[in-house]
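Trainee: So I've got this file, start.txt, and it contains compact mmCIF, C-alpha atoms:
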```txt
# COMPACT_ATOMS: atom_id res chain seq x y z
CA MET D 283 65.72 -14.64 133.01
CA ASN D 284 66.67 -11.65 130.93
CA ILE D 285 68.94 -12.37 127.94
CA GLU D 286 70.98 -9.22 128.54
CA LYS D 287 71.62 -10.20 132.17
CA ILE D 288 72.79 -13.68 131.16
CA VAL D 289 75.14 -12.31 128.49
CA LYS D 290 76.49 -9.70 130.93
CA ASP D 291 77.05 -12.41 133.55
CA LEU D 292 78.89 -14.61 131.04
CA ARG D 293 81.09 -11.70 129.93
CA SER D 294 81.88 -10.76 133.54
CA LYS D 295 83.18 -14.33 134.00
CA GLY D 296 85.59 -13.92 131.08
CA TYR D 297 83.62 -15.57 128.28
CA ARG D 298 83.21 -13.90 124.90
CA VAL D 299 79.63 -14.10 123.61
CA HIS D 300 78.69 -13.53 119.97
CA ILE D 301 75.10 -13.53 118.68
CA ALA D 302 74.30 -13.41 114.96
CA HIS D 303 70.96 -13.52 113.17
CA PHE D 304 70.52 -14.86 109.65
CA ARG D 305 67.54 -14.31 107.36
CA TYR D 306 66.37 -15.63 104.04
CA THR D 307 65.63 -13.36 101.09
CA PRO D 308 62.35 -13.88 99.23
CA THR D 309 64.08 -14.50 95.87
CA GLN D 310 67.05 -16.58 97.05
CA GLN D 311 66.81 -19.36 99.56
CA SER D 312 70.19 -18.67 101.13
CA LEU D 313 70.87 -17.23 104.56
CA TRP D 314 72.21 -13.68 104.93
CA THR D 315 73.24 -11.82 108.06
CA THR D 316 71.14 -8.79 108.91
CA VAL D 317 74.21 -6.61 108.28
CA GLU D 318 74.67 -8.06 104.76
CA LEU D 319 70.99 -7.48 103.99
CA ARG D 320 71.23 -3.87 105.16
CA GLU D 321 74.44 -3.21 103.19
CA THR D 322 73.01 -4.62 99.94
CA ASN D 323 69.56 -3.04 100.40
CA ARG D 324 67.81 -6.42 100.28
CA GLN D 325 64.57 -7.04 102.07
CA PRO D 326 64.55 -10.13 104.27
CA SER D 327 61.78 -12.68 104.04
CA LEU D 328 59.31 -12.51 106.92
CA LYS D 329 59.46 -16.28 107.27
CA GLY D 330 62.34 -18.47 108.36
CA GLY D 331 65.83 -17.69 109.59
CA MET D 332 68.47 -18.77 112.05
CA THR D 333 70.17 -17.44 115.18
CA HIS D 334 73.72 -18.43 116.08
CA VAL D 335 75.20 -18.07 119.57
CA LYS D 336 78.93 -18.56 120.03
CA ILE D 337 80.54 -18.65 123.47
CA VAL D 338 84.34 -18.59 123.53
CA GLY D 339 86.48 -19.39 126.55
CA ASP D 340 90.23 -19.78 126.95
CA ASP D 341 90.34 -23.35 125.65
CA PHE D 342 86.91 -24.04 124.15
CA THR D 343 84.28 -22.72 121.76
CA ILE D 344 80.59 -23.57 121.89
CA ASN D 345 78.42 -22.96 118.82
CA LYS D 346 74.65 -23.42 119.09
CA TYR D 347 71.88 -22.59 116.65
CA ALA D 348 68.14 -22.05 116.63
CA GLU D 349 66.44 -22.46 113.26
CA CYS D 350 63.11 -20.96 112.36
CA SER D 351 61.02 -22.89 109.86
CA LEU D 352 60.09 -21.28 106.54
CA LYS D 353 56.49 -21.60 107.75
CA ASP D 354 57.09 -19.50 110.89
CA ALA D 355 57.68 -15.78 111.37
CA PHE D 356 61.28 -15.00 112.38
CA CYS D 357 61.77 -13.58 115.89
CA LYS D 358 65.26 -12.49 117.02
CA LYS D 359 64.40 -12.60 120.72
CA LEU D 360 62.98 -16.12 120.61
CA GLY D 361 65.85 -17.39 118.45
CA THR D 362 68.40 -15.87 120.83
CA THR D 363 66.63 -17.37 123.84
CA ILE D 364 66.61 -20.86 122.34
CA ALA D 365 70.19 -20.78 121.02
CA LEU D 366 71.53 -19.23 124.24
CA GLY D 367 69.68 -21.83 126.31
CA ARG D 368 71.30 -24.62 124.28
CA ALA D 369 74.74 -23.04 124.74
CA LEU D 370 74.22 -22.63 128.50
CA LYS D 371 73.15 -26.27 128.84
CA GLU D 372 76.38 -27.28 127.10
CA LEU D 373 78.41 -25.04 129.45
CA GLU D 374 76.65 -26.50 132.48
CA LYS D 375 77.15 -30.05 131.25
CA GLU D 376 80.87 -29.39 130.94
CA LYS D 377 80.85 -27.68 134.38
CA LEU D 378 82.19 -24.48 132.83
CA TYR D 379 79.45 -22.13 133.99
CA GLN D 380 77.27 -21.84 137.06
CA ALA D 381 74.47 -19.32 137.32
CA SER D 382 75.20 -16.71 139.97
CA SER D 383 71.55 -16.18 140.95
CA CYS D 384 71.11 -19.03 143.43
CA LYS D 385 72.72 -19.29 146.83
CA ASN D 386 72.81 -23.11 146.52
CA LYS D 387 74.71 -22.86 143.20
CA ARG D 388 72.69 -25.78 141.84
CA CYS D 389 70.41 -23.94 139.44
CA PHE D 390 70.06 -25.01 135.86
CA PHE D 391 68.68 -23.21 132.82
CA HIS D 392 65.45 -24.39 131.25
CA PHE D 393 63.53 -23.10 128.24
CA ASP D 394 59.81 -22.89 128.97
CA SER D 395 57.95 -23.35 125.69
CA THR D 396 54.68 -22.08 127.18
CA TYR D 397 56.10 -18.68 128.07
CA LYS D 398 58.87 -18.84 125.42
CA LYS D 399 61.38 -17.70 128.01
CA LEU D 400 64.58 -18.96 129.52
CA PHE D 401 64.50 -19.31 133.28
CA LEU D 402 66.64 -20.52 136.14
CA TYR D 403 65.28 -23.33 138.24
CA CYS D 404 66.74 -24.69 141.45
CA PRO D 405 65.34 -28.06 142.55
CA PHE D 406 66.87 -27.62 146.01
CA CYS D 407 65.45 -24.25 147.05
CA GLY D 408 62.51 -24.15 144.60
CA THR D 409 63.66 -20.90 143.02
CA LYS D 410 62.24 -20.25 139.56
CA ARG D 411 63.34 -17.00 137.97
CA PHE D 412 62.47 -15.67 134.53
```
For the structure just supplied, provide its representation as structure tokens.
Mentor:
Amino acid sequence: MNIEKIVKDLRSKGYRVHIAHFRYTPTQQSLWTTVELRETNRQPSLKGGMTHVKIVGDDFTINKYAECSLKDAFCKKLGTTIALGRALKELEKEKLYQASSCKNKRCFFHFDSTYKKLFLYCPFCGTKRF
């Protein structure tokens, strides 16, 4: 399932979605936002980082993270997919969000590590959508 479609669907249902990416600098082992790095003319390290997804509703806030090891190359798309998947699982567990793609309304989100994508799966109708 496309990240942009999921975020658009969440926003159309009244949730506020914030996504932030953090990177390490080669000289300092502290996390900086990509905006801070750009403003201070610092080059981010190619390894390691973190993505933060925050979903805000009327009476709740969900914060989920995806950390990238200092041994791995940082990828914004993969970090967003993992962190967003964790946030969606929390929303589903609390019965605050239901994917609008399935007619049975029993789909759940699953992160497929083989394809490194988030997809909807419905055990009742067999629908599997990336």
Trainee: Within 10 Å of segment 310-321 of chain D, counting only C-alpha atoms, which residues qualify if same-chain residues fewer than 5 places away don't, as a ChimeraX atom specification?
Mentor: /D:302-305,326-327,330-333,352
Trainee: Can you tell me how far atom CA of His334 of chain D sits from atom CA of Thr362 of chain D, in Å to one decimal?
Mentor: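 Separation of atom CA of His334 of chain D and atom CA of Thr362 of chain D: 7.6 Å.
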Trainee: Quick check, in Å to one decimal: how far apart do atom CA of Lys359 of chain D and atom CA of Val299 of chain D lie?
Mentor: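 Going from atom CA of Lys359 of chain D over to atom CA of Val299 of chain D, I get 15.6 Å.
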Trainee: What gap, in Å, lies between atom CA of Phe356 of chain D and atom CA of Arg368 of chain D?
Mentor: 18.3 Å
Trainee: Quick one: of D:Lys295, D:Arg324, D:Lys358, D:Lys371, who's nearest to Ile344 of chain D, counting only C-alpha atoms?
Mentor: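 Comparing D:Lys295, D:Arg324, D:Lys358, D:Lys371 against Ile344 of chain D, the winner is D:Lys371.
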Trainee: Quick one: residues within 12 Å of His300 of chain D, only C-alpha atoms counted, chain neighbours fewer than 2 positions away excluded, as a count of residues only?
Mentor: 24
Trainee: May I have the residues within 9 Å of Lys329 of chain D as a count of residues only, using only C-alpha atoms and disregarding those fewer than 4 positions away in the same chain?
Mentor: 10
Trainee: Could segment 336-370 of chain D be completed with N, CA and C atoms and returned as a JSON list (two decimals), in the frame of the given file?
Mentor:
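The resulting file, part-v8.json, is reproduced below:
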```json
[["chain", "number", "residue", "atom", "x", "y", "z"],
["D", 336, "LYS", "N", 77.58, -18.01, 119.89],
["D", 336, "LYS", "CA", 78.93, -18.56, 120.03],
["D", 336, "LYS", "C", 79.49, -18.06, 121.35],
["D", 337, "ILE", "N", 79.91, -19.00, 122.20],
["D", 337, "ILE", "CA", 80.54, -18.65, 123.47],
["D", 337, "ILE", "C", 81.97, -19.17, 123.42],
["D", 338, "VAL", "N", 82.92, -18.25, 123.64],
["D", 338, "VAL", "CA", 84.34, -18.59, 123.53],
["D", 338, "VAL", "C", 84.99, -18.40, 124.90],
["D", 339, "GLY", "N", 85.68, -19.44, 125.32],
["D", 339, "GLY", "CA", 86.48, -19.39, 126.55],
["D", 339, "GLY", "C", 87.95, -19.49, 126.20],
["D", 340, "ASP", "N", 88.79, -19.69, 127.20],
["D", 340, "ASP", "CA", 90.23, -19.78, 126.95],
["D", 340, "ASP", "C", 90.61, -20.99, 126.12],
["D", 341, "ASP", "N", 89.95, -22.13, 126.36],
["D", 341, "ASP", "CA", 90.34, -23.35, 125.65],
["D", 341, "ASP", "C", 89.16, -24.09, 125.03],
["D", 342, "PHE", "N", 88.07, -23.40, 124.77],
["D", 342, "PHE", "CA", 86.91, -24.04, 124.15],
["D", 342, "PHE", "C", 86.07, -23.02, 123.39],
["D", 343, "THR", "N", 85.26, -23.52, 122.49],
["D", 343, "THR", "CA", 84.28, -22.72, 121.76],
["D", 343, "THR", "C", 83.00, -23.54, 121.67],
["D", 344, "ILE", "N", 81.89, -22.91, 122.00],
["D", 344, "ILE", "CA", 80.59, -23.57, 121.89],
["D", 344, "ILE", "C", 79.77, -22.82, 120.86],
["D", 345, "ASN", "N", 79.28, -23.53, 119.85],
["D", 345, "ASN", "CA", 78.42, -22.96, 118.82],
["D", 345, "ASN", "C", 77.06, -23.65, 118.90],
["D", 346, "LYS", "N", 76.01, -22.87, 119.06],
["D", 346, "LYS", "CA", 74.65, -23.42, 119.09],
["D", 346, "LYS", "C", 73.75, -22.56, 118.20],
["D", 347, "TYR", "N", 72.77, -23.24, 117.62],
["D", 347, "TYR", "CA", 71.88, -22.59, 116.65],
["D", 347, "TYR", "C", 70.43, -22.80, 117.03],
["D", 348, "ALA", "N", 69.59, -21.90, 116.56],
["D", 348, "ALA", "CA", 68.14, -22.05, 116.63],
["D", 348, "ALA", "C", 67.61, -21.72, 115.25],
["D", 349, "GLU", "N", 66.97, -22.68, 114.61],
["D", 349, "GLU", "CA", 66.44, -22.46, 113.26],
["D", 349, "GLU", "C", 64.95, -22.21, 113.33],
["D", 350, "CYS", "N", 64.52, -21.30, 112.49],
["D", 350, "CYS", "CA", 63.11, -20.96, 112.36],
["D", 350, "CYS", "C", 62.63, -21.54, 111.04],
["D", 351, "SER", "N", 61.56, -22.27, 111.06],
["D", 351, "SER", "CA", 61.02, -22.89, 109.86],
["D", 351, "SER", "C", 60.58, -21.83, 108.85],
["D", 352, "LEU", "N", 60.57, -22.20, 107.58],
["D", 352, "LEU", "CA", 60.09, -21.28, 106.54],
["D", 352, "LEU", "C", 58.59, -21.02, 106.67],
["D", 353, "LYS", "N", 57.93, -21.79, 107.51],
["D", 353, "LYS", "CA", 56.49, -21.60, 107.75],
["D", 353, "LYS", "C", 56.22, -20.63, 108.89],
["D", 354, "ASP", "N", 57.25, -20.34, 109.70],
["D", 354, "ASP", "CA", 57.09, -19.50, 110.89],
["D", 354, "ASP", "C", 57.69, -18.12, 110.69],
["D", 355, "ALA", "N", 57.13, -17.14, 111.39],
["D", 355, "ALA", "CA", 57.68, -15.78, 111.37],
["D", 355, "ALA", "C", 58.96, -15.76, 112.20],
["D", 356, "PHE", "N", 59.99, -15.07, 111.69],
["D", 356, "PHE", "CA", 61.28, -15.00, 112.38],
["D", 356, "PHE", "C", 61.19, -14.03, 113.55],
["D", 357, "CYS", "N", 61.75, -14.42, 114.70],
["D", 357, "CYS", "CA", 61.77, -13.58, 115.89],
["D", 357, "CYS", "C", 63.17, -13.65, 116.49],
["D", 358, "LYS", "N", 63.89, -12.52, 116.50],
["D", 358, "LYS", "CA", 65.26, -12.49, 117.02],
["D", 358, "LYS", "C", 65.32, -12.88, 118.50],
["D", 359, "LYS", "N", 64.38, -12.36, 119.28],
["D", 359, "LYS", "CA", 64.40, -12.60, 120.72],
["D", 359, "LYS", "C", 64.19, -14.08, 121.03],
["D", 360, "LEU", "N", 63.24, -14.71, 120.37],
["D", 360, "LEU", "CA", 62.98, -16.12, 120.61],
["D", 360, "LEU", "C", 64.15, -16.97, 120.13],
["D", 361, "GLY", "N", 64.70, -16.65, 118.96],
["D", 361, "GLY", "CA", 65.85, -17.39, 118.45],
["D", 361, "GLY", "C", 67.05, -17.28, 119.37],
["D", 362, "THR", "N", 67.29, -16.08, 119.89],
["D", 362, "THR", "CA", 68.40, -15.87, 120.83],
["D", 362, "THR", "C", 68.18, -16.65, 122.12],
["D", 363, "THR", "N", 66.95, -16.64, 122.61],
["D", 363, "THR", "CA", 66.63, -17.37, 123.84],
["D", 363, "THR", "C", 66.89, -18.86, 123.68],
["D", 364, "ILE", "N", 66.44, -19.43, 122.56],
["D", 364, "ILE", "CA", 66.61, -20.86, 122.34],
["D", 364, "ILE", "C", 68.08, -21.22, 122.15],
["D", 365, "ALA", "N", 68.78, -20.48, 121.29],
["D", 365, "ALA", "CA", 70.19, -20.78, 121.02],
["D", 365, "ALA", "C", 71.05, -20.56, 122.27],
["D", 366, "LEU", "N", 70.79, -19.49, 123.02],
["D", 366, "LEU", "CA", 71.53, -19.23, 124.24],
["D", 366, "LEU", "C", 71.26, -20.30, 125.29],
["D", 367, "GLY", "N", 70.02, -20.75, 125.39],
["D", 367, "GLY", "CA", 69.68, -21.83, 126.31],
["D", 367, "GLY", "C", 70.43, -23.11, 125.98],
["D", 368, "ARG", "N", 70.55, -23.43, 124.70],
["D", 368, "ARG", "CA", 71.30, -24.62, 124.28],
["D", 368, "ARG", "C", 72.79, -24.47, 124.64],
["D", 369, "ALA", "N", 73.33, -23.28, 124.43],
["D", 369, "ALA", "CA", 74.74, -23.04, 124.74],
["D", 369, "ALA", "C", 74.98, -23.13, 126.26],
["D", 370, "LEU", "N", 74.07, -22.59, 127.05],
["D", 370, "LEU", "CA", 74.22, -22.63, 128.50],
["D", 370, "LEU", "C", 74.12, -24.06, 129.03]]
```
